[in-house]
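Structure file data_26.cif (mmCIF, C-alpha atoms) follows.
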data_model
#
loop_
_atom_site.label_atom_id
_atom_site.label_comp_id
_atom_site.auth_asym_id
_atom_site.auth_seq_id
_atom_site.Cartn_x
_atom_site.Cartn_y
_atom_site.Cartn_z
CA MET A 383 34.67 -15.45 18.23
CA SER A 384 32.42 -12.54 17.25
CA ASP A 385 28.70 -12.98 16.91
CA PRO A 386 27.62 -12.94 13.21
CA ALA A 387 24.64 -10.83 14.29
CA ASP A 388 27.08 -8.09 15.29
CA LYS A 389 28.22 -7.79 11.66
CA LYS A 390 24.69 -7.14 10.41
CA LEU A 391 23.88 -3.69 9.04
CA GLY A 392 21.66 -1.43 11.12
CA ILE A 393 21.38 -1.10 14.88
CA SER A 394 22.87 -3.77 17.10
CA ASN A 395 23.34 -3.88 20.85
CA SER A 396 25.14 -5.57 23.70
CA ILE A 397 22.20 -5.79 26.09
CA ARG A 398 22.49 -9.55 26.58
CA THR A 399 26.12 -9.22 27.68
CA LEU A 400 25.35 -6.22 29.88
CA ARG A 401 22.51 -8.05 31.60
CA PHE A 402 24.84 -10.93 32.32
CA LEU A 403 27.44 -8.57 33.76
CA HIS A 404 24.82 -6.90 35.95
CA ASN A 405 24.17 -9.78 38.34
CA GLU A 406 22.60 -11.83 35.54
CA MET A 407 19.65 -9.50 35.35
CA THR A 408 16.64 -11.20 33.77
CA GLN A 409 14.79 -9.85 30.76
CA LYS A 410 11.74 -9.39 32.96
CA GLN A 411 13.70 -7.28 35.45
CA LEU A 412 15.10 -5.09 32.69
CA ALA A 413 11.65 -4.82 31.11
CA ASP A 414 10.16 -3.63 34.41
CA LEU A 415 12.93 -1.07 34.87
CA ILE A 416 12.45 0.50 31.43
CA GLY A 417 8.66 0.14 31.28
CA VAL A 418 8.23 -2.31 28.40
CA THR A 419 7.23 -5.97 28.17
CA ARG A 420 9.65 -8.90 28.35
CA GLN A 421 8.79 -9.72 24.74
CA THR A 422 9.96 -6.26 23.70
CA VAL A 423 13.29 -6.75 25.50
CA MET A 424 13.66 -10.10 23.72
CA ALA A 425 12.98 -8.45 20.34
CA ILE A 426 15.48 -5.64 21.04
CA GLU A 427 18.17 -8.11 22.14
CA SER A 428 17.80 -10.19 19.01
CA ASN A 429 17.92 -7.02 16.84
CA LYS A 430 14.44 -7.65 15.49
CA TYR A 431 13.14 -4.38 16.84
CA SER A 432 14.80 -0.98 17.13
CA PRO A 433 13.72 0.68 20.37
CA THR A 434 12.51 4.25 20.58
CA LEU A 435 15.10 6.84 21.55
CA GLU A 436 13.49 7.10 25.00
CA VAL A 437 13.70 3.34 25.63
CA ALA A 438 17.28 3.27 24.33
CA PHE A 439 18.27 6.01 26.81
CA LYS A 440 16.47 4.19 29.62
CA ILE A 441 18.39 0.99 28.87
CA ALA A 442 21.69 2.89 28.85
CA GLU A 443 20.70 4.50 32.15
CA VAL A 444 19.99 1.11 33.75
CA PHE A 445 23.50 -0.08 32.88
CA ASN A 446 24.96 3.34 33.72
CA LEU A 447 26.68 3.58 30.34
CA PRO A 448 26.61 6.08 27.47
CA LEU A 449 24.23 5.18 24.66
CA ASP A 450 26.97 4.30 22.15
CA GLN A 451 28.34 1.62 24.46
CA VAL A 452 25.01 -0.14 24.50
CA PHE A 453 23.91 0.41 20.90
CA SER A 454 25.99 0.59 17.74
CA TYR A 455 25.10 1.35 14.15
CA ARG A 456 26.60 -0.08 10.97
CA SER A 457 25.62 1.87 7.88
CA GLY A 458 27.54 -0.22 5.32
CA LYS A 459 29.37 2.85 3.97
CA MET B 330 6.11 -32.87 34.58
CA ASP B 331 2.36 -33.32 34.34
CA ASN B 332 0.04 -31.49 31.97
CA LYS B 333 -0.99 -28.93 34.58
CA GLN B 334 2.63 -27.95 35.20
CA LYS B 335 3.28 -27.78 31.45
CA VAL B 336 0.32 -25.42 31.04
CA ILE B 337 1.57 -23.26 33.92
CA GLN B 338 5.10 -23.17 32.45
CA TRP B 339 3.77 -22.27 29.00
CA LEU B 340 1.66 -19.52 30.53
CA GLN B 341 4.71 -18.15 32.36
CA GLU B 342 6.78 -18.09 29.15
CA THR B 343 4.01 -16.43 27.19
CA SER B 344 2.86 -12.89 27.74
CA PHE B 345 -0.67 -12.47 28.98
CA ARG B 346 -1.47 -10.36 25.94
CA GLU B 347 -0.49 -13.32 23.74
CA VAL B 348 -2.76 -15.62 25.74
CA THR B 349 -5.62 -13.12 25.41
CA LEU B 350 -5.02 -12.82 21.66
CA SER B 351 -4.91 -16.61 21.33
CA VAL B 352 -8.23 -16.92 23.15
CA ASP B 353 -9.75 -14.20 20.95
CA PHE B 354 -8.44 -16.01 17.87
CA ILE B 355 -9.85 -19.38 18.96
CA VAL B 356 -13.24 -17.89 19.90
CA THR B 357 -13.47 -16.05 16.55
CA GLY B 358 -12.40 -19.24 14.76
CA TYR B 359 -15.17 -21.17 16.50
CA ILE B 360 -17.75 -18.48 15.67
CA SER B 361 -16.62 -18.59 12.00
CA TYR B 362 -16.92 -22.39 12.00
CA PHE B 363 -20.38 -22.15 13.57
CA TYR B 364 -21.57 -19.61 10.98
CA LEU B 365 -20.12 -21.58 8.05
CA SER B 366 -21.56 -24.90 9.26
CA GLN B 367 -24.99 -23.29 9.68
CA LEU B 368 -24.86 -22.05 6.08
CA LEU B 369 -23.56 -25.33 4.65
CA ASN B 370 -26.16 -27.43 6.47
CA ALA B 371 -29.09 -25.14 5.68
CA THR B 372 -31.79 -26.08 3.19
CA PRO B 373 -32.45 -23.75 0.21
CA GLU B 374 -35.65 -22.62 1.94
CA GLN B 375 -33.74 -21.70 5.08
CA LEU B 376 -31.12 -19.82 3.08
CA ALA B 377 -33.85 -17.81 1.40
CA SER B 378 -35.62 -17.04 4.68
CA ILE B 379 -34.64 -13.72 6.25
CA GLU B 380 -36.08 -14.91 9.62
CA TRP B 381 -33.75 -17.91 9.64
CA LEU B 382 -30.81 -15.73 8.66
CA SER B 383 -31.50 -13.15 11.36
CA THR B 384 -31.76 -15.99 13.93
CA VAL B 385 -28.34 -17.33 12.85
CA LEU B 386 -26.82 -13.85 13.05
CA LEU B 387 -28.36 -13.34 16.49
CA GLU B 388 -26.89 -16.69 17.61
CA VAL B 389 -23.49 -15.62 16.28
CA ILE B 390 -23.68 -12.38 18.28
CA VAL B 391 -24.89 -14.10 21.47
CA TYR B 392 -22.23 -16.85 21.21
CA SER B 393 -19.54 -14.22 20.60
CA ILE B 394 -20.54 -12.24 23.70
CA VAL B 395 -20.95 -15.30 25.94
CA LEU B 396 -17.67 -16.92 24.82
CA MET B 397 -15.71 -13.68 25.16
CA VAL B 398 -17.12 -12.97 28.64
CA VAL B 399 -16.50 -16.55 29.85
CA SER B 400 -12.96 -16.65 28.44
CA TYR B 401 -12.09 -13.23 29.88
CA ILE B 402 -13.38 -14.28 33.32
CA ALA B 403 -11.25 -17.45 33.08
CA LEU B 404 -8.22 -15.41 31.98
CA ALA B 405 -8.71 -12.96 34.83
CA PHE B 406 -7.88 -15.75 37.30
CA ILE B 407 -4.46 -16.40 35.77
CA SER B 408 -3.50 -12.85 34.85
CA ASP B 409 -0.65 -11.02 36.52
CA ASP B 410 -0.24 -7.22 36.56
CA GLU B 411 0.31 -7.17 32.79
CA LEU B 412 -3.25 -6.22 31.85
CA SER B 413 -3.19 -3.11 33.99
CA ARG B 414 -0.09 -1.82 32.17
CA PRO B 415 -0.48 0.18 28.98
CA MET B 416 0.92 -1.24 25.75
CA ASP B 417 4.48 -0.23 24.96
CA VAL B 418 5.42 1.33 21.60
CA ARG B 419 6.28 -2.02 20.00
CA GLU B 420 2.97 -3.56 21.03
CA LYS B 421 1.14 -0.52 19.67
CA GLN B 422 2.99 -0.93 16.36
CA ILE B 423 2.06 -4.62 16.22
CA ASN B 424 -1.54 -3.70 17.02
CA LEU B 425 -1.53 -1.22 14.13
CA VAL B 426 -0.07 -3.80 11.74
CA GLY B 427 -2.93 -6.12 12.78
CA TYR B 428 -5.45 -3.37 12.08
CA LYS B 429 -3.87 -2.75 8.66
CA TYR B 430 -4.48 -6.32 7.47
CA SER B 431 -7.90 -6.31 9.08
CA ALA B 432 -8.83 -3.09 7.24
CA ILE B 433 -7.64 -4.47 3.89
CA ILE B 434 -9.80 -7.60 4.27
CA LEU B 435 -12.81 -5.52 5.34
CA GLN B 436 -12.39 -3.15 2.38
CA VAL B 437 -12.16 -6.04 -0.08
CA GLY B 438 -15.19 -7.68 1.57
CA VAL B 439 -17.31 -4.52 1.37
CA ILE B 440 -16.35 -3.94 -2.29
CA LEU B 441 -17.13 -7.58 -3.17
CA ALA B 442 -20.48 -7.33 -1.38
CA LEU B 443 -21.33 -4.10 -3.28
CA VAL B 444 -20.34 -5.67 -6.59
CA GLN B 445 -22.40 -8.78 -5.83
CA TYR B 446 -25.37 -6.63 -4.78
CA ASN B 447 -25.19 -4.68 -8.05
CA ILE B 448 -24.86 -7.86 -10.10
CA ALA B 449 -27.96 -9.26 -8.39
CA ALA B 450 -29.81 -5.93 -8.78
CA GLN B 451 -29.04 -5.84 -12.50
CA GLY B 452 -30.38 -9.35 -12.85
CA PHE B 453 -27.20 -10.90 -14.20
CA GLU B 454 -26.96 -14.67 -13.76
CA PHE B 455 -23.44 -14.61 -12.49
CA MET B 456 -23.55 -17.97 -10.76
CA GLN B 457 -25.46 -21.07 -11.73
CA SER B 458 -27.07 -21.47 -8.30
CA SER B 459 -27.25 -18.05 -6.73
CA VAL B 460 -27.11 -17.93 -2.92
CA PRO B 461 -29.82 -15.70 -1.43
CA HIS B 462 -28.56 -12.72 0.62
CA LEU B 463 -25.04 -13.34 -0.69
CA PRO B 464 -23.83 -9.73 -0.10
CA LEU B 465 -24.73 -10.10 3.59
CA HIS B 466 -22.83 -13.40 3.84
CA ILE B 467 -19.83 -11.79 2.14
CA LEU B 468 -19.93 -8.93 4.67
CA VAL B 469 -20.19 -11.28 7.67
CA GLY B 470 -17.47 -13.52 6.22
CA ALA B 471 -15.18 -10.55 5.62
CA PHE B 472 -15.77 -9.31 9.15
CA LEU B 473 -14.94 -12.69 10.72
CA LEU B 474 -11.91 -13.11 8.45
CA ALA B 475 -10.74 -9.59 9.31
CA GLU B 476 -11.03 -10.37 13.03
CA LEU B 477 -9.05 -13.60 12.57
CA ALA B 478 -6.39 -11.69 10.61
CA HIS B 479 -6.27 -8.98 13.28
CA TYR B 480 -5.57 -11.48 16.07
CA GLY B 481 -3.45 -13.85 13.95
CA VAL B 482 -1.15 -11.15 12.59
CA GLN B 483 -0.59 -9.73 16.09
CA LEU B 484 0.29 -13.20 17.40
CA TYR B 485 2.65 -13.88 14.50
CA LYS B 486 4.35 -10.49 14.56
CA GLY B 487 4.57 -10.52 18.36
CA ARG B 488 6.16 -13.97 18.38
CA THR B 489 8.61 -13.49 15.48
CA GLY B 490 9.35 -9.85 16.26
CA GLU B 491 9.41 -9.06 12.55
CA ILE B 492 7.19 -6.02 12.57
CA TYR B 493 8.94 -4.09 9.80
CA GLU B 494 8.38 -6.62 6.99
#

Could you rewrite the structure in this file as structure tokens?
Amino acid sequence: MSDPADKKLGISNSIRTLRFLHNEMTQKQLADLIGVTRQTVMAIESNKYSPTLEVAFKIAEVFNLPLDQVFSYRSGK
Amino acid sequence: MDNKQKVIQWLQETSFREVTLSVDFIVTGYISYFYLSQLLNATPEQLASIEWLSTVLLEVIVYSIVLMVVSYIALAFISDDELSRPMDVREKQINLVGYKYSAIILQVGVILALVQYNIAAQGFEFMQSSVPHLPLHILVGAFLLAELAHYGVQLYKGRTGEIYE
């Protein structure tokens, strides 16, 4: 079953899933790797905060994936 | 789980910046309560006396400094490496949102104080029992309220993550 949050307009991401697939990486570990706080990772994961382009690229780099496989955008058009 | 463990767990779940903001909020709240209680319990003669008022303001400043120093020393014992790290972009945005509300309250306070000062200077009987040095009280009140808003908004926005609304 798909997450209703995924159907929301705007930027969404699959960070939670990717963390789980990467040895159940914690939010704190990811936060340390990309140079933000754990609270910021929490806000990004729950789509309450859109990260800067730099942070988005850093997250993609951590998971060794292209940006569009970590973040997606629904414009409603 | 005893209370000490609960406190430790809560501290681990909460960012140190949130703890610091909470302490700042509580200290400012106490200072506001102290100032308000001094005004409410003062006699009309005390309210009219500039010496009494300057003593109260001096007490407010001294209490603020002492409480902030003591709380920051206490927080330094439980802090991790978080304080040494610069704020990330989201935290800076939240900080700015806090400053925005703080600035609005300060602006309104200053305008109200100026209006009240002019009303008093023109000799209008605006209120039945006029409070002496009211513009000063409005300024101090606005400052304390602005500080509370600054800390409170940062805590709220940081916790809910809703920084765009």

Practice task
Output the contact residues of chain B with respect to chain A at a cut-off of 12 Å, based on all atoms listed in the file, as an MDAnalysis selection string.
Solution key: chainID B and resid 341:347 410:412 414:423 484 486:494

Grab the residues selected above and save them as a PDB file, in the coordinates of the input with C-alpha atoms.
ATOM      1  CA  GLN B 341       4.710 -18.150  32.360  1.00  0.00           C
ATOM      2  CA  GLU B 342       6.780 -18.090  29.150  1.00  0.00           C
ATOM      3  CA  THR B 343       4.010 -16.430  27.190  1.00  0.00           C
ATOM      4  CA  SER B 344       2.860 -12.890  27.740  1.00  0.00           C
ATOM      5  CA  PHE B 345      -0.670 -12.470  28.980  1.00  0.00           C
ATOM      6  CA  ARG B 346      -1.470 -10.360  25.940  1.00  0.00           C
ATOM      7  CA  GLU B 347      -0.490 -13.320  23.740  1.00  0.00           C
ATOM      8  CA  ASP B 410      -0.240  -7.220  36.560  1.00  0.00           C
ATOM      9  CA  GLU B 411       0.310  -7.170  32.790  1.00  0.00           C
ATOM     10  CA  LEU B 412      -3.250  -6.220  31.850  1.00  0.00           C
ATOM     11  CA  ARG B 414      -0.090  -1.820  32.170  1.00  0.00           C
ATOM     12  CA  PRO B 415      -0.480   0.180  28.980  1.00  0.00           C
ATOM     13  CA  MET B 416       0.920  -1.240  25.750  1.00  0.00           C
ATOM     14  CA  ASP B 417       4.480  -0.230  24.960  1.00  0.00           C
ATOM     15  CA  VAL B 418       5.420   1.330  21.600  1.00  0.00           C
ATOM     16  CA  ARG B 419       6.280  -2.020  20.000  1.00  0.00           C
ATOM     17  CA  GLU B 420       2.970  -3.560  21.030  1.00  0.00           C
ATOM     18  CA  LYS B 421       1.140  -0.520  19.670  1.00  0.00           C
ATOM     19  CA  GLN B 422       2.990  -0.930  16.360  1.00  0.00           C
ATOM     20  CA  ILE B 423       2.060  -4.620  16.220  1.00  0.00           C
ATOM     21  CA  LEU B 484       0.290 -13.200  17.400  1.00  0.00           C
ATOM     22  CA  LYS B 486       4.350 -10.490  14.560  1.00  0.00           C
ATOM     23  CA  GLY B 487       4.570 -10.520  18.360  1.00  0.00           C
ATOM     24  CA  ARG B 488       6.160 -13.970  18.380  1.00  0.00           C
ATOM     25  CA  THR B 489       8.610 -13.490  15.480  1.00  0.00           C
ATOM     26  CA  GLY B 490       9.350  -9.850  16.260  1.00  0.00           C
ATOM     27  CA  GLU B 491       9.410  -9.060  12.550  1.00  0.00           C
ATOM     28  CA  ILE B 492       7.190  -6.020  12.570  1.00  0.00           C
ATOM     29  CA  TYR B 493       8.940  -4.090   9.800  1.00  0.00           C
ATOM     30  CA  GLU B 494       8.380  -6.620   6.990  1.00  0.00           C
TER      31      GLU B 494
END

Exercise for the section: Could you state which residues are captured by the PyMOL selection byres ((chain B and resi 360-371) around 12) in this file, as number ranges by chain? Expected result: B: 353-359, 372-378, 381-397, 460-463, 466-467, 469-477

Fill in the blank from the handout: In Å and to one decimal, atom CA of Val426 of chain B is distant from atom CA of Gly438 of chain B by 18.6 Å

Handout entry: Residues returned when the PyMOL selection byres ((chain A and resi 454) around 6) runs on this file, as a ChimeraX atom specification
Key = /A:393-394,450,453,455

For the structure shown, which residues end up in the PyMOL selection byres ((chain B and resi 430-434) around 6)? Put them as a PDB file with C-alpha atoms, keeping the file's coordinate frame, please?
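So the final result, stored in out_27.pdb, reads:
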ATOM      1  CA  GLY B 427      -2.930  -6.120  12.780  1.00  0.00           C
ATOM      2  CA  TYR B 428      -5.450  -3.370  12.080  1.00  0.00           C
ATOM      3  CA  LYS B 429      -3.870  -2.750   8.660  1.00  0.00           C
ATOM      4  CA  LEU B 435     -12.810  -5.520   5.340  1.00  0.00           C
ATOM      5  CA  GLN B 436     -12.390  -3.150   2.380  1.00  0.00           C
ATOM      6  CA  VAL B 437     -12.160  -6.040  -0.080  1.00  0.00           C
ATOM      7  CA  ALA B 475     -10.740  -9.590   9.310  1.00  0.00           C
ATOM      8  CA  ALA B 478      -6.390 -11.690  10.610  1.00  0.00           C
ATOM      9  CA  HIS B 479      -6.270  -8.980  13.280  1.00  0.00           C
TER      10      HIS B 479
END

Exercise for the section: Work out how far atom CA of Val452 of chain A is from atom CA of Asn395 of chain A, in Å to one decimal. Expected result: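 One can read the atom CA of Asn395 of chain A to atom CA of Val452 of chain A distance as 5.5 Å.
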
Problem - Counting all atoms listed in the file, the residue of B:Ala442, B:Val352, B:Leu468, B:Val482 that sits nearest Val398 of chain B - result: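 Of B:Ala442, B:Val352, B:Leu468, B:Val482, the one nearest Val398 of chain B is B:Val352, counting all atoms listed in the file.
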
Problem - Length of the atom CA of Ala405 of chain B to atom CA of Gln334 of chain B vector [Å] - result: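 That distance, rounded to one decimal, is 18.8 Å.
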
Extract, using all atoms listed in the file, all DNA, RNA and protein residues at most 9 Å from Leu404 of chain B, discarding same-chain residues fewer than 2 positions from it, and format them as a CSV table (one decimal) with C-alpha atoms, in the coordinates of the input.
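Saved the output as around-v9.csv:
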chain,number,residue,atom,x,y,z
B,345,PHE,CA,-0.7,-12.5,29.0
B,348,VAL,CA,-2.8,-15.6,25.7
B,349,THR,CA,-5.6,-13.1,25.4
B,352,VAL,CA,-8.2,-16.9,23.2
B,399,VAL,CA,-16.5,-16.6,29.8
B,400,SER,CA,-13.0,-16.6,28.4
B,401,TYR,CA,-12.1,-13.2,29.9
B,402,ILE,CA,-13.4,-14.3,33.3
B,406,PHE,CA,-7.9,-15.8,37.3
B,407,ILE,CA,-4.5,-16.4,35.8
B,408,SER,CA,-3.5,-12.8,34.8

Problem - Nearest candidate to Asn447 of chain B (options B:Ser413, B:Pro464, B:Gly481, B:Ser459; using only C-alpha atoms) - result: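 Between B:Ser413, B:Pro464, B:Gly481, B:Ser459, the residue approaching Asn447 of chain B most closely is B:Pro464.
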
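With all atoms listed in the file as the basis for measurement, A:Gln451 is the residue among A:Gln451, A:Gly392, A:Arg401, A:Lys410 that approaches Phe439 of chain A most closely.
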
Handout entry: Test item: which residues lie within 12 Å of (25.1, -6.1, 30.4) counting only C-alpha atoms, as a PyMOL selection string
Key = chain A and resi 395-409+412+427+441-447+451-453
